[in-house]
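Notes for the one structure printed next.
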Amino acid sequence: MLAVAFLAVVMVLGSALPGGTETRIPQIWDAKQRLPKPEVLPLQRMRFLTTTDFFPFNFLDSDGRLAGFHVDLARAVCEALALEDRCQIQALPFDELEEALHDGQGEALIAGLAITREAREKFLFSRSYLQFPARFVTDKDAVLAEPVHEKIAGKRVGVLAGTAHEQMLRDLFAEARVVTYSRREWLLGDLKEGKLDAAFGDGMRLGFWLAGTEAESCCVFTGGPYLAPEYLGHGLAIAVRRDQPALATALDYALQEIEERGTFAELYLRYFPVGFY
């Protein structure tokens, strides 16, 4: 019963995206909810800790400079909090980030740290600013009409074996004929060759495939996006030390301001050539 109710919710979310032809900007904040502007933060520096190997979120550009969605988002946060003159971004290996934040080498961590129960015991998190929905991809001439959970019945749907997406597909789209793959390139290759009716997986990664030359403009998103924290996690958020609740609240305010000003939409369109919402 829970799965049926959840499916009804995600179908509503996806109903505005026929054939994957629109770019929909994810909106985290309720337009009616306005957070109060925080008091001036007593910070000598606002140092964000990140990595260099999480494309397109953090990476080194052709000139060896730190770039990416997270880098630009951190700068936008500093601007929203009037901290531009104190804003710094430092890259470290991922496995050193948590200790560096604990040791006071930075004030905030923006690097894709999973929002797990264990992580919440160590850190405070801002509101999630981006989640990763699951999506179906089909041939552009064989788009599945809504409701997809009915139209997918009996269809051959490829998915990577042993992933949360496989479990989600089996639980929420039980009438589909699930075909598992151990390698992503085999899965997408069979989709291109017409051996599958659809592929199911991470919307962001599928979006990059659709935008690239490998897909050869064969395919489009169908239905969705399917947001399922119980399967796919809670997305991305900014972490701070647990003794910094005022900073966590200020980050929420900044993220809301960034969305309100249209800055988040600009960054999303810049770094994700095919929107996955």
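Scheme for the structure tokens: letters A, B, ... for chains in order shown; per-chain residue numbers from 1; ligand numbers from 1 in order shown.
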**Prompt:** Which residues, written as a ChimeraX atom specification, have at least one atom at most 12 Å from Thr51 (chain A), with only C-alpha atoms counted and residues fewer than 2 positions away on the same chain left out?
**Reply:** /A:48-49,53-60,66-71,89-98,109-113
**Message:** as a list in words, please: the residues near Gln131 (chain A) (cut-off 10 Å, only C-alpha atoms, same-chain neighbours under 3 positions excluded).
**Reply:** Pro26, Ile28, Ser128, Ala134, Gly203, Met204, Leu227, Ala228, Pro229, Leu232, Gly233, His234, Gly235, Leu236, Ala237 and Tyr277 of chain A
**Prompt:** region 127-205 of chain A: which residues are helix (DSSP H, G or I) by DSSP, as JSON, numbers by chain?
**Reply:** {"A": [148, 149, 150, 151, 164, 165, 166, 167, 168, 169, 170, 171, 172, 184, 185, 186, 187, 188, 189, 190, 191, 192, 203, 204, 205]}
**Message:** List as number ranges by chain the protein and nucleic acid residues near region 160-177 of chain A, meaning an atom at most 7 Å away when only C-alpha atoms are counted, but skip any in the same chain fewer than 3 places from it.
**Reply:** A: 3, 7, 149, 152-157, 180-184, 201, 231-232
